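Peer 1: Below is the file my_file_3.txt, with compact mmCIF, C-alpha atoms and all ligand atoms.
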# COMPACT_ATOMS: atom_id res chain seq x y z
CA MET Y 1 -67.11 87.48 -17.86
CA LYS Y 2 -66.79 84.38 -20.08
CA ILE Y 3 -63.16 83.85 -20.96
CA LEU Y 4 -61.39 81.65 -23.49
CA LEU Y 5 -57.69 81.14 -22.74
CA LEU Y 6 -55.43 79.61 -25.40
CA GLY Y 7 -52.40 77.50 -24.56
CA ALA Y 8 -51.22 74.50 -22.58
CA GLY Y 9 -48.16 75.40 -20.51
CA ALA Y 10 -47.42 76.37 -16.91
CA ARG Y 11 -47.82 80.00 -17.97
CA GLU Y 12 -51.38 79.21 -19.02
CA HIS Y 13 -52.02 77.28 -15.79
CA ALA Y 14 -50.83 80.39 -13.90
CA LEU Y 15 -53.10 82.63 -16.00
CA ALA Y 16 -56.00 80.21 -15.57
CA ARG Y 17 -55.50 80.12 -11.81
CA CYS Y 18 -55.68 83.94 -11.59
CA LEU Y 19 -58.57 84.23 -14.03
CA ALA Y 20 -60.61 81.42 -12.42
CA SER Y 21 -60.27 82.82 -8.89
CA ALA Y 22 -61.38 86.36 -9.80
CA PRO Y 23 -65.01 87.26 -9.00
CA ALA Y 24 -65.34 88.88 -12.45
CA THR Y 25 -64.96 85.50 -14.18
CA SER Y 26 -68.15 83.51 -14.68
CA GLU Y 27 -66.78 80.87 -17.07
CA LEU Y 28 -63.27 79.84 -18.11
CA VAL Y 29 -62.44 77.57 -21.03
CA VAL Y 30 -58.81 76.64 -21.74
CA ALA Y 31 -57.90 75.37 -25.19
CA PRO Y 32 -56.28 72.94 -25.26
CA GLY Y 33 -55.15 73.25 -21.60
CA ASN Y 34 -53.40 70.58 -19.55
CA PRO Y 35 -54.29 68.30 -16.61
CA GLY Y 36 -53.69 71.23 -14.23
CA THR Y 37 -56.10 73.60 -15.96
CA ALA Y 38 -58.67 70.77 -16.18
CA ALA Y 39 -59.01 70.97 -12.40
CA ILE Y 40 -59.99 74.66 -12.37
CA ALA Y 41 -61.55 75.27 -15.81
CA THR Y 42 -63.03 73.46 -18.80
CA ASN Y 43 -60.44 72.15 -21.23
CA LEU Y 44 -61.43 71.90 -24.89
CA ALA Y 45 -59.18 70.23 -27.42
CA ILE Y 46 -59.06 72.59 -30.37
CA ASP Y 47 -56.04 73.74 -32.34
CA PRO Y 48 -55.14 77.11 -30.75
CA THR Y 49 -53.21 78.17 -33.87
CA SER Y 50 -56.25 77.81 -36.13
CA PRO Y 51 -58.05 81.18 -36.52
CA VAL Y 52 -61.17 79.36 -37.74
CA GLU Y 53 -61.34 76.93 -34.80
CA VAL Y 54 -60.66 79.66 -32.22
CA VAL Y 55 -63.29 82.06 -33.63
CA GLU Y 56 -65.79 79.20 -33.79
CA LEU Y 57 -65.24 78.25 -30.14
CA ALA Y 58 -65.20 81.88 -28.91
CA THR Y 59 -68.45 82.56 -30.76
CA GLN Y 60 -70.09 79.36 -29.58
CA MET Y 61 -69.30 80.07 -25.92
CA ASP Y 62 -70.25 83.75 -26.38
CA ALA Y 63 -66.87 84.77 -24.97
CA ASP Y 64 -66.41 88.27 -23.55
CA LEU Y 65 -62.64 87.94 -23.75
CA VAL Y 66 -60.07 85.72 -25.48
CA VAL Y 67 -56.60 85.61 -23.88
CA VAL Y 68 -53.78 84.23 -26.02
CA GLY Y 69 -50.99 82.54 -24.05
CA PRO Y 70 -48.27 81.41 -26.51
CA GLU Y 71 -46.77 83.20 -29.50
CA ALA Y 72 -47.66 80.65 -32.20
CA PRO Y 73 -51.40 81.58 -32.41
CA LEU Y 74 -50.48 85.29 -32.51
CA VAL Y 75 -48.03 84.84 -35.37
CA ALA Y 76 -50.69 82.73 -37.13
CA GLY Y 77 -53.17 85.64 -37.00
CA VAL Y 78 -55.56 84.22 -34.41
CA ALA Y 79 -55.94 87.58 -32.60
CA ASP Y 80 -56.75 89.33 -35.89
CA ALA Y 81 -59.50 86.81 -36.65
CA VAL Y 82 -61.04 87.04 -33.17
CA ARG Y 83 -60.95 90.84 -33.27
CA GLU Y 84 -62.57 90.85 -36.71
CA ALA Y 85 -65.32 88.66 -35.28
CA GLY Y 86 -66.04 91.48 -32.79
CA ILE Y 87 -64.75 89.65 -29.71
CA PRO Y 88 -62.28 91.45 -27.39
CA VAL Y 89 -58.92 89.68 -27.48
CA PHE Y 90 -55.80 90.14 -25.36
CA GLY Y 91 -53.00 89.56 -27.85
CA PRO Y 92 -51.53 91.44 -30.81
CA GLY Y 93 -52.34 90.82 -34.47
CA ALA Y 94 -49.89 88.98 -36.73
CA GLU Y 95 -48.19 92.15 -37.96
CA ALA Y 96 -47.53 93.46 -34.42
CA ALA Y 97 -46.49 89.94 -33.32
CA ARG Y 98 -43.49 90.26 -35.64
CA LEU Y 99 -41.86 92.13 -32.73
CA GLU Y 100 -41.22 88.60 -31.45
CA GLY Y 101 -41.44 86.60 -34.68
CA SER Y 102 -38.65 88.52 -36.43
CA LYS Y 103 -35.69 89.90 -34.54
CA ALA Y 104 -34.78 92.07 -37.57
CA PHE Y 105 -38.27 93.63 -37.47
CA ALA Y 106 -37.92 94.30 -33.74
CA LYS Y 107 -34.59 96.04 -34.37
CA ASP Y 108 -36.21 98.18 -37.07
CA VAL Y 109 -39.03 99.26 -34.74
CA MET Y 110 -36.58 99.99 -31.92
CA SER Y 111 -34.43 102.07 -34.19
CA ALA Y 112 -37.47 104.08 -35.39
CA ALA Y 113 -38.67 104.53 -31.80
CA GLY Y 114 -35.26 105.47 -30.40
CA VAL Y 115 -35.20 102.50 -28.02
CA PRO Y 116 -31.77 101.38 -26.75
CA THR Y 117 -30.72 97.86 -27.77
CA ALA Y 118 -27.64 95.89 -28.80
CA GLU Y 119 -26.16 96.86 -32.14
CA ALA Y 120 -26.79 94.06 -34.63
CA VAL Y 121 -25.90 92.98 -38.14
CA ALA Y 122 -28.26 90.85 -40.23
CA CYS Y 123 -26.37 88.23 -42.27
CA THR Y 124 -27.43 86.16 -45.24
CA THR Y 125 -24.09 84.65 -46.35
CA GLU Y 126 -21.15 82.86 -44.75
CA GLY Y 127 -18.87 85.80 -45.59
CA GLU Y 128 -21.18 88.33 -43.90
CA LEU Y 129 -21.46 86.08 -40.85
CA SER Y 130 -17.71 85.73 -40.49
CA ALA Y 131 -17.13 89.46 -40.92
CA ALA Y 132 -19.82 90.29 -38.34
CA LEU Y 133 -18.28 87.93 -35.76
CA ASP Y 134 -14.91 89.61 -36.24
CA ARG Y 135 -16.44 93.05 -36.01
CA PHE Y 136 -18.07 92.52 -32.60
CA GLY Y 137 -15.50 90.08 -31.17
CA ALA Y 138 -16.05 87.66 -28.27
CA PRO Y 139 -18.30 86.86 -26.51
CA TYR Y 140 -20.26 86.22 -29.70
CA VAL Y 141 -24.06 86.52 -29.80
CA VAL Y 142 -25.65 84.71 -32.76
CA LYS Y 143 -29.43 84.62 -33.17
CA ASP Y 144 -31.78 82.71 -35.42
CA ASP Y 145 -34.07 85.38 -36.86
CA GLY Y 146 -37.32 83.41 -36.54
CA LEU Y 147 -39.25 81.91 -33.65
CA ALA Y 148 -37.17 79.33 -31.79
CA ALA Y 149 -38.88 78.96 -28.38
CA GLY Y 150 -35.97 80.68 -26.63
CA LYS Y 151 -33.49 78.18 -28.02
CA GLY Y 152 -32.30 79.95 -31.18
CA VAL Y 153 -29.63 82.06 -29.50
CA VAL Y 154 -26.03 81.06 -28.92
CA VAL Y 155 -23.82 83.19 -26.68
CA THR Y 156 -20.27 81.85 -26.70
CA SER Y 157 -16.62 82.85 -26.70
CA ASP Y 158 -15.86 79.93 -29.02
CA ARG Y 159 -15.72 81.43 -32.53
CA ALA Y 160 -16.14 78.03 -34.21
CA ALA Y 161 -19.32 77.33 -32.20
CA ALA Y 162 -20.66 80.78 -33.08
CA MET Y 163 -19.91 80.17 -36.76
CA ASP Y 164 -21.54 76.70 -36.64
CA HIS Y 165 -24.76 78.08 -35.15
CA GLY Y 166 -24.85 80.89 -37.72
CA MET Y 167 -24.32 78.44 -40.58
CA ALA Y 168 -27.08 76.17 -39.20
CA CYS Y 169 -29.48 79.16 -39.21
CA LEU Y 170 -28.50 79.97 -42.81
CA ALA Y 171 -29.04 76.34 -43.85
CA LYS Y 172 -32.45 76.29 -42.19
CA GLU Y 173 -33.36 79.49 -44.03
CA ARG Y 174 -32.39 77.93 -47.38
CA GLU Y 175 -34.56 74.89 -46.65
CA GLN Y 176 -37.53 77.02 -45.69
CA LEU Y 177 -37.49 79.57 -48.49
CA GLN Y 178 -41.09 80.63 -48.56
CA PRO Y 179 -43.02 83.85 -49.08
CA ASP Y 180 -43.23 84.68 -45.38
CA ALA Y 181 -39.64 83.72 -44.58
CA PRO Y 182 -37.87 86.19 -42.29
CA GLU Y 183 -36.04 89.02 -43.98
CA SER Y 184 -32.69 87.79 -42.70
CA ALA Y 185 -31.61 84.35 -41.52
CA VAL Y 186 -29.25 85.21 -38.71
CA LEU Y 187 -28.32 88.20 -36.57
CA VAL Y 188 -24.94 88.80 -34.98
CA GLU Y 189 -25.11 91.17 -32.03
CA GLU Y 190 -23.01 93.21 -29.69
CA TYR Y 191 -22.70 91.39 -26.33
CA LEU Y 192 -24.64 93.10 -23.53
CA ASP Y 193 -23.04 92.82 -20.13
CA GLY Y 194 -25.18 93.16 -16.99
CA PRO Y 195 -27.99 91.47 -15.08
CA GLU Y 196 -31.15 90.69 -17.00
CA ALA Y 197 -34.72 91.52 -16.06
CA SER Y 198 -38.11 90.87 -17.60
CA VAL Y 199 -40.72 93.60 -17.42
CA PHE Y 200 -44.15 92.72 -18.77
CA CYS Y 201 -46.21 95.63 -20.08
CA VAL Y 202 -49.96 95.37 -20.60
CA CYS Y 203 -50.89 97.50 -23.63
CA ASP Y 204 -54.17 98.57 -25.21
CA GLY Y 205 -52.69 100.07 -28.36
CA ALA Y 206 -52.03 103.45 -26.70
CA THR Y 207 -51.68 103.11 -22.91
CA VAL Y 208 -49.08 100.95 -21.16
CA ARG Y 209 -49.28 99.44 -17.65
CA PRO Y 210 -46.23 97.58 -16.30
CA LEU Y 211 -46.41 94.44 -14.17
CA ALA Y 212 -43.95 93.65 -11.36
CA PRO Y 213 -40.42 93.00 -12.71
CA ALA Y 214 -39.07 89.45 -12.62
CA GLN Y 215 -35.94 87.58 -13.58
CA ASP Y 216 -35.71 84.21 -15.27
CA PHE Y 217 -32.91 81.67 -15.58
CA LYS Y 218 -32.52 80.63 -19.20
CA ARG Y 219 -29.62 78.20 -19.04
CA LEU Y 220 -30.23 74.54 -18.27
CA ALA Y 221 -27.70 73.99 -15.51
CA ASP Y 222 -26.56 75.58 -12.26
CA GLY Y 223 -24.24 78.55 -12.51
CA ASP Y 224 -25.72 79.47 -15.92
CA ALA Y 225 -24.00 76.53 -17.57
CA GLY Y 226 -25.40 74.41 -20.40
CA PRO Y 227 -27.63 75.32 -23.32
CA ASN Y 228 -30.33 77.99 -23.41
CA THR Y 229 -33.81 76.68 -22.63
CA GLY Y 230 -37.29 78.17 -22.55
CA GLY Y 231 -36.48 79.05 -18.89
CA MET Y 232 -35.76 76.94 -15.80
CA GLY Y 233 -37.11 79.19 -13.04
CA ALA Y 234 -37.90 82.76 -12.05
CA TYR Y 235 -38.58 85.10 -9.16
CA SER Y 236 -40.14 88.44 -8.31
CA PRO Y 237 -39.58 91.11 -6.99
CA LEU Y 238 -36.07 92.15 -7.97
CA THR Y 239 -34.76 93.68 -4.75
CA TRP Y 240 -31.42 94.51 -6.44
CA ALA Y 241 -32.95 96.52 -9.30
CA PRO Y 242 -33.75 100.25 -9.24
CA GLU Y 243 -37.08 100.86 -7.55
CA ASP Y 244 -38.38 102.72 -10.60
CA LEU Y 245 -37.32 100.03 -13.10
CA ALA Y 246 -40.86 99.43 -14.35
CA GLU Y 247 -41.47 103.17 -14.81
CA GLN Y 248 -38.17 103.53 -16.70
CA VAL Y 249 -39.13 100.65 -18.98
CA VAL Y 250 -42.48 102.22 -19.78
CA ARG Y 251 -40.99 105.65 -20.42
CA ASP Y 252 -37.91 104.64 -22.43
CA ILE Y 253 -39.01 101.39 -24.09
CA ALA Y 254 -42.62 100.20 -24.02
CA GLN Y 255 -44.40 103.53 -24.61
CA PRO Y 256 -42.14 104.53 -27.55
CA VAL Y 257 -42.65 101.06 -29.11
CA VAL Y 258 -46.43 101.15 -28.61
CA ASP Y 259 -46.50 104.66 -30.14
CA GLU Y 260 -44.39 103.51 -33.10
CA MET Y 261 -46.64 100.49 -33.70
CA ALA Y 262 -49.71 102.77 -33.61
CA ARG Y 263 -48.02 105.14 -36.07
CA ARG Y 264 -47.49 102.17 -38.42
CA GLY Y 265 -51.19 101.34 -38.21
CA THR Y 266 -50.58 98.08 -36.37
CA ALA Y 267 -51.64 98.87 -32.81
CA PHE Y 268 -50.05 96.71 -30.15
CA ILE Y 269 -52.79 95.24 -27.96
CA GLY Y 270 -51.58 92.60 -25.53
CA LEU Y 271 -48.50 91.87 -23.49
CA LEU Y 272 -45.21 93.43 -24.53
CA TYR Y 273 -42.51 91.41 -22.81
CA CYS Y 274 -39.42 93.58 -22.45
CA GLY Y 275 -36.35 91.40 -21.93
CA LEU Y 276 -33.67 93.76 -20.67
CA ALA Y 277 -30.03 93.95 -19.78
CA LEU Y 278 -29.19 96.46 -17.04
CA THR Y 279 -25.79 97.46 -18.42
CA GLY Y 280 -23.31 99.99 -17.07
CA ASP Y 281 -24.55 102.32 -19.82
CA GLY Y 282 -28.21 101.93 -18.84
CA LEU Y 283 -31.15 99.78 -19.92
CA ARG Y 284 -30.85 97.85 -23.19
CA VAL Y 285 -33.47 95.65 -24.82
CA VAL Y 286 -32.27 92.07 -25.28
CA GLU Y 287 -35.51 90.86 -26.82
CA PHE Y 288 -39.20 91.51 -27.12
CA ASN Y 289 -41.84 88.86 -26.82
CA VAL Y 290 -45.47 89.53 -27.54
CA ARG Y 291 -46.97 87.37 -24.79
CA PHE Y 292 -46.48 86.57 -21.13
CA GLY Y 293 -43.09 85.00 -20.39
CA ASP Y 294 -42.70 81.48 -19.13
CA PRO Y 295 -41.53 80.88 -16.33
CA GLU Y 296 -41.68 84.54 -15.13
CA THR Y 297 -45.50 84.64 -15.28
CA GLN Y 298 -45.70 81.88 -12.67
CA ALA Y 299 -43.83 84.13 -10.18
CA VAL Y 300 -45.34 87.49 -11.22
CA LEU Y 301 -48.96 86.35 -11.06
CA ALA Y 302 -48.41 84.69 -7.67
CA ARG Y 303 -47.97 88.27 -6.36
CA LEU Y 304 -50.89 89.95 -8.17
CA THR Y 305 -53.58 91.14 -5.76
CA SER Y 306 -55.89 92.94 -8.24
CA SER Y 307 -58.22 91.44 -10.83
CA LEU Y 308 -56.47 89.89 -13.84
CA PRO Y 309 -59.59 89.44 -16.00
CA GLU Y 310 -60.54 93.11 -15.55
CA LEU Y 311 -57.01 94.26 -16.41
CA LEU Y 312 -56.81 92.15 -19.57
CA HIS Y 313 -60.37 93.02 -20.63
CA SER Y 314 -59.68 96.75 -20.26
CA ALA Y 315 -56.58 96.35 -22.46
CA ALA Y 316 -58.49 94.34 -25.05
CA THR Y 317 -61.19 97.02 -25.21
CA GLY Y 318 -58.92 100.10 -25.26
CA ARG Y 319 -59.86 101.29 -21.76
CA LEU Y 320 -56.59 100.78 -19.93
CA ALA Y 321 -56.14 104.51 -19.19
CA GLU Y 322 -59.38 104.52 -17.16
CA SER Y 323 -58.75 101.28 -15.29
CA PRO Y 324 -56.83 101.00 -12.02
CA ALA Y 325 -53.16 100.01 -12.08
CA PRO Y 326 -52.47 96.42 -10.94
CA THR Y 327 -51.52 95.94 -7.28
CA TRP Y 328 -48.97 93.57 -5.76
CA SER Y 329 -48.36 91.59 -2.62
CA GLU Y 330 -45.30 92.65 -0.60
CA GLN Y 331 -44.35 88.99 -0.55
CA ALA Y 332 -41.86 87.37 -2.91
CA ALA Y 333 -42.52 84.47 -5.28
CA VAL Y 334 -40.10 81.93 -6.72
CA ASP Y 335 -40.82 79.19 -9.24
CA VAL Y 336 -38.60 76.29 -10.18
CA VAL Y 337 -39.14 74.28 -13.36
CA LEU Y 338 -38.90 70.50 -13.40
CA ALA Y 339 -37.94 69.29 -16.90
CA ALA Y 340 -37.88 65.78 -18.33
CA SER Y 341 -34.57 64.12 -19.09
CA GLY Y 342 -33.21 65.12 -22.51
CA TYR Y 343 -34.68 68.66 -22.41
CA PRO Y 344 -33.99 71.07 -24.17
CA GLY Y 345 -33.28 68.39 -26.80
CA ALA Y 346 -35.71 65.51 -27.37
CA ALA Y 347 -37.29 64.93 -23.96
CA THR Y 348 -38.06 61.50 -22.54
CA ILE Y 349 -41.79 61.37 -22.08
CA GLY Y 350 -44.07 58.86 -20.38
CA GLY Y 351 -42.40 58.70 -16.96
CA PRO Y 352 -44.75 58.83 -13.92
CA VAL Y 353 -44.90 62.14 -12.02
CA THR Y 354 -45.77 61.76 -8.34
CA GLY Y 355 -45.86 63.89 -5.20
CA ILE Y 356 -47.73 66.99 -6.42
CA GLU Y 357 -50.34 66.77 -3.64
CA GLU Y 358 -47.60 66.37 -1.05
CA ALA Y 359 -45.85 69.47 -2.42
CA GLU Y 360 -49.07 71.49 -2.40
CA SER Y 361 -49.80 70.49 1.19
CA LEU Y 362 -47.04 72.94 2.18
CA PRO Y 363 -48.65 76.32 2.92
CA GLY Y 364 -47.57 78.85 0.26
CA VAL Y 365 -46.76 76.25 -2.41
CA HIS Y 366 -48.67 75.51 -5.59
CA VAL Y 367 -47.72 73.42 -8.60
CA LEU Y 368 -48.43 74.48 -12.18
CA HIS Y 369 -48.62 71.87 -14.91
CA ALA Y 370 -46.95 72.21 -18.31
CA GLY Y 371 -45.87 69.02 -20.11
CA THR Y 372 -47.99 66.63 -18.07
CA GLY Y 373 -50.47 64.08 -19.33
CA LEU Y 374 -52.50 61.16 -18.06
CA ASP Y 375 -51.39 57.55 -18.46
CA ASP Y 376 -53.41 55.05 -20.49
CA ASP Y 377 -55.63 54.24 -17.51
CA GLY Y 378 -56.41 57.94 -17.20
CA GLY Y 379 -55.46 57.95 -13.54
CA GLY Y 380 -51.75 58.57 -13.15
CA LEU Y 381 -49.88 61.68 -14.17
CA ILE Y 382 -46.98 61.29 -16.61
CA ALA Y 383 -44.42 63.55 -18.23
CA ALA Y 384 -45.65 64.57 -21.67
CA GLY Y 385 -43.25 67.34 -22.66
CA GLY Y 386 -39.89 68.99 -22.03
CA ARG Y 387 -40.77 71.38 -19.22
CA VAL Y 388 -43.07 69.24 -17.09
CA LEU Y 389 -44.18 71.53 -14.27
CA SER Y 390 -43.31 74.59 -12.18
CA VAL Y 391 -43.28 74.58 -8.39
CA VAL Y 392 -44.27 78.06 -7.16
CA ALA Y 393 -43.78 79.28 -3.61
CA VAL Y 394 -44.64 82.55 -1.91
CA GLY Y 395 -42.75 83.80 1.14
CA ASP Y 396 -41.85 86.94 3.04
CA THR Y 397 -38.51 87.24 1.23
CA VAL Y 398 -37.04 85.85 -1.98
CA ASP Y 399 -34.91 83.55 0.17
CA ALA Y 400 -37.88 82.24 2.13
CA ALA Y 401 -39.87 81.66 -1.09
CA ARG Y 402 -36.89 79.94 -2.66
CA GLU Y 403 -36.42 77.60 0.27
CA LEU Y 404 -40.10 76.70 0.21
CA ALA Y 405 -40.14 76.11 -3.56
CA TYR Y 406 -37.27 73.64 -3.25
CA LYS Y 407 -38.94 71.96 -0.29
CA GLY Y 408 -42.01 71.49 -2.49
CA LEU Y 409 -39.94 70.22 -5.39
CA SER Y 410 -38.22 67.66 -3.13
CA ARG Y 411 -41.61 65.99 -2.64
CA ILE Y 412 -42.13 65.51 -6.39
CA HIS Y 413 -40.62 62.64 -8.31
CA LEU Y 414 -39.92 62.09 -12.01
CA ASP Y 415 -37.26 59.61 -13.10
CA GLY Y 416 -34.42 61.52 -14.76
CA GLY Y 417 -36.12 64.85 -13.98
CA GLN Y 418 -33.82 67.87 -14.24
CA TYR Y 419 -33.97 71.12 -12.33
CA ARG Y 420 -31.57 73.86 -11.31
CA THR Y 421 -30.70 74.09 -7.64
CA ASP Y 422 -29.68 77.77 -7.81
CA ILE Y 423 -32.88 79.52 -8.92
CA ALA Y 424 -33.07 82.90 -7.12
CA ALA Y 425 -30.01 82.02 -5.01
CA GLY Y 426 -28.44 85.12 -3.49
CA CYS Y 427 -31.01 87.38 -5.22
P1 LIG E 1 -33.24 86.04 -26.90
O1 LIG E 1 -33.93 84.86 -27.53
O2 LIG E 1 -32.90 87.12 -27.84
O3 LIG E 1 -33.93 86.48 -25.69
O4 LIG E 1 -31.89 85.51 -26.23
C1 LIG E 1 -31.90 84.49 -25.26
C2 LIG E 1 -30.86 84.80 -24.19
O5 LIG E 1 -29.56 84.94 -24.77
C3 LIG E 1 -31.09 86.12 -23.48
O6 LIG E 1 -31.97 86.02 -22.42
C4 LIG E 1 -29.70 86.44 -22.98
O7 LIG E 1 -29.40 85.72 -21.82
C5 LIG E 1 -28.84 85.94 -24.10
N1 LIG E 1 -28.59 87.08 -25.00
C6 LIG E 1 -29.30 87.43 -26.08
N2 LIG E 1 -28.80 88.53 -26.67
C7 LIG E 1 -27.73 88.91 -25.97
C8 LIG E 1 -26.76 89.97 -26.08
N3 LIG E 1 -26.81 90.85 -27.08
N4 LIG E 1 -25.79 90.03 -25.15
C9 LIG E 1 -25.73 89.11 -24.15
N5 LIG E 1 -26.59 88.10 -23.98
C10 LIG E 1 -27.58 87.98 -24.88
N1 LIG E 2 -38.81 83.35 -20.19
C1 LIG E 2 -38.50 83.57 -21.55
C2 LIG E 2 -39.63 83.57 -22.44
O1 LIG E 2 -40.78 83.46 -22.05
O2 LIG E 2 -39.42 83.71 -23.64
Show me this structure written as structure tokens.
Ligand code: AMP
Ligand code: GLY
Peer 2:
Amino acid sequence: MKILLLGAGAREHALARCLASAPATSELVVAPGNPGTAAIATNLAIDPTSPVEVVELATQMDADLVVVGPEAPLVAGVADAVREAGIPVFGPGAEAARLEGSKAFAKDVMSAAGVPTAEAVACTTEGELSAALDRFGAPYVVKDDGLAAGKGVVVTSDRAAAMDHGMACLAKEREQLQPDAPESAVLVEEYLDGPEASVFCVCDGATVRPLAPAQDFKRLADGDAGPNTGGMGAYSPLTWAPEDLAEQVVRDIAQPVVDEMARRGTAFIGLLYCGLALTGDGLRVVEFNVRFGDPETQAVLARLTSSLPELLHSAATGRLAESPAPTWSEQAAVDVVLAASGYPGAATIGGPVTGIEEAESLPGVHVLHAGTGLDDDGGGLIAAGGRVLSVVAVGDTVDAARELAYKGLSRIHLDGGQYRTDIAAGC
């Protein structure tokens, strides 16, 4: 199978690693990729959000499958264009991608499908915002309606901070008034209390297959302090969660959503990321994403023992019901993200990154690149983005994997590098 994978993060390096090592894969191109994917596949520097460039490359390489990593190409209609060109693609079309691109749209689909989620009010004025905050009370949950790379949500007991974030979202909306602007600028939600879990569901438009549940750590600092980030680490399995969590998610959430999307004529083909809160009243959806999560994918795929290319190809071609369910190692996996100083604000880039080989010399450890680049001489690795890399470790227990991941991370150096020291602690 010739595969084109779009994206450049640690999630894509994890996907590339699984795709490249499977016997079913004969050729793997990553666009644009990163220095990590360059070592196991061919990187090609095209714009992954350009439907024209992606179709051209997929056609030229005679791809059997296109796998879309990040959300931006999906929202831009790349999957629609590839599908129209007759090439199987793992990723939803632009209309179905609104499940992630617009939180108000996701709420509408959930309501139609009878899927449990936090009650929410969409606000377009200062008065509505203020009234909604008072209605739900503290802790306040205020969400930018559009795509914000995991950083558009503020959860706080400080009413003034909640109001400020809401007003900033409204101001942004006014600046960006355009035909495809979201239907509301800001959502205020009921606070969901309970541990969170991420369950990824592979979908072919009709059938749903869950992957192993994982948990990520969204806040920047230890003890869940600091701002929300794209994610600072993750682990799988969740030994504390109900054993049938994945089955519950399929039955009560993913299947009803996939059925509702099919009913609307916008089949969901790709990865439905169910971000959940396990509340005292049962499962609630916190968010949907329409692609693999980062950094959960790094941990989940480290445990996959069946063929990833065959799974994704069967979803892209509507044959998921006939294909075997994915299988998992009994071992646990933990990944810890190393971010550059300044992240999640403007990150300091250009600093040398050393010690990756030393980390990978530990059995059970591998390092996945994200915001890395090569220095001007083309030899040394440097930080080139906010989240620089993920250190992944596999061990017999979550604790053993966690210890090993931190041992690996201790061998890596980046001036000013930030990481949490409590990923998967006590899990
Ligand atoms: P989102 O972008 O919607 O996933 O939100 C990012 C993070 O904010 C989530 O992973 C949660 O940790 C937190 N969050 C979002 N919505 C809620 C909610 N209704 N109640 C509590 N926490 C929330
Ligand atoms: N881990 C959160 C996300 O991928 O959006």
Peer 1: Using only C-alpha atoms for the distances, tell me which of Y:Leu44, Y:Met167, Y:Val290, Y:Ala267 is nearest to Pro70 in chain Y.
Peer 2: Y:Val290
Peer 1: Using only C-alpha atoms and all ligand atoms, find each residue with an atom at most 12 Å away from ligand LIG 2 (chain E) and format the answer as a ChimeraX atom specification.
Peer 2: /Y:9-12,69-71,100-101,147-153,196-200,214-219,228-235,271-276,286-300,335,337
Peer 1: Ranking Y:Ile253, Y:Ala171, Y:Val208, Y:Tyr191 by minimum distance to Arg135 in chain Y and counting only C-alpha atoms, which one comes first?
Peer 2: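 Closest to Arg135 in chain Y of all the choices is Y:Tyr191.
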Peer 1: With all atoms listed in the file as the counted atoms, please give the residues lying no more than 10 Å from range 349-363 of chain Y, apart from itself and same-chain residues fewer than 4 positions off, as an NGL selection string.
Peer 2: :Y and (340-342 or 367-369 or 371-375 or 380-386 or 388-389 or 391-395 or 404-417)
Peer 1: Could you list, as a list in words, every residue within 8 Å of range 119-125 of chain Y, counting only C-alpha atoms and ignoring same-chain residues fewer than 4 positions away?
Peer 2: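 Counting only C-alpha atoms, the residues come to Ala104, Leu129, Ala132, Leu170, Ser184, Ala185, Val186, Leu187, Val188, Glu189 and Glu190 of chain Y.
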Peer 1: CA of Gly265 in chain Y to CA of Val52 in chain Y: how many Å, to one decimal?
Peer 2: 24.1 Å
Peer 1: For a quick check of understanding, using only C-alpha atoms, which of Y:Ala424, Y:Val29, Y:Ala63, Y:Val78 has the smallest distance to Ala401 in chain Y?
Peer 2: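 Of the candidates, the smallest distance to Ala401 in chain Y is held by Y:Ala424.
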Peer 1: For a cut-off of 12 Å around (-41.4, 99.0, -36.6), file coordinates, pick out all residues using all atoms listed in the file and list them as number ranges by chain.
Peer 2: Y: 95-100, 102-115, 256-268
Peer 1: Restricting the calculation to all atoms listed in the file, which member of Y:Val154, Y:Leu304, Y:Ala76, Y:Ile269 is positioned closest to Pro213 in chain Y?
Peer 2: Y:Leu304
Peer 1: Can you measure CA of Trp328 in chain Y to CA of Ala212 in chain Y for me? One decimal in Å is fine.
Peer 2: 7.5 Å
Peer 1: Determine the axis-aligned bounding box of all atoms of ligand LIG 1 (chain E) present in the file, pad each side by 6 Å, and express its centre and edge lengths in Å to one decimal place as JSON.
Peer 2:
{"center_x": -29.8, "center_y": 87.7, "center_z": -24.8, "size_x": 20.2, "size_y": 18.4, "size_z": 18.0}
Peer 1: Find, counting only C-alpha atoms and all ligand atoms, the residue in Y:Val89, Y:Val155, Y:Val336, Y:Leu65 that gets nearest to ligand LIG 1 (chain E).
Peer 2: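 Selected residue with least distance to ligand LIG 1 (chain E): Y:Val155.
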Peer 1: Residues near Glu330 in chain Y, anyone? I mean within 9 Å using all atoms listed in the file, not counting same-chain ones fewer than 2 positions away, as number ranges by chain.
Peer 2: Y: 237, 303, 328, 332, 396-397
Peer 1: For each of Y:Thr207, Y:Ser306, Y:Ser130, Y:Thr25, take the minimum atom-to-atom distance to Gly270 in chain Y, counting all atoms listed in the file, then give the residue where this is smallest.
Peer 2: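 Closest to Gly270 in chain Y, using all atoms listed in the file: Y:Thr207.
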Peer 1: How far is it from atom C5 of ligand LIG 1 (chain E) to CA of Arg209 in chain Y, in Å with one decimal?
Peer 2: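 Distance between the two atoms: 25.3 Å.
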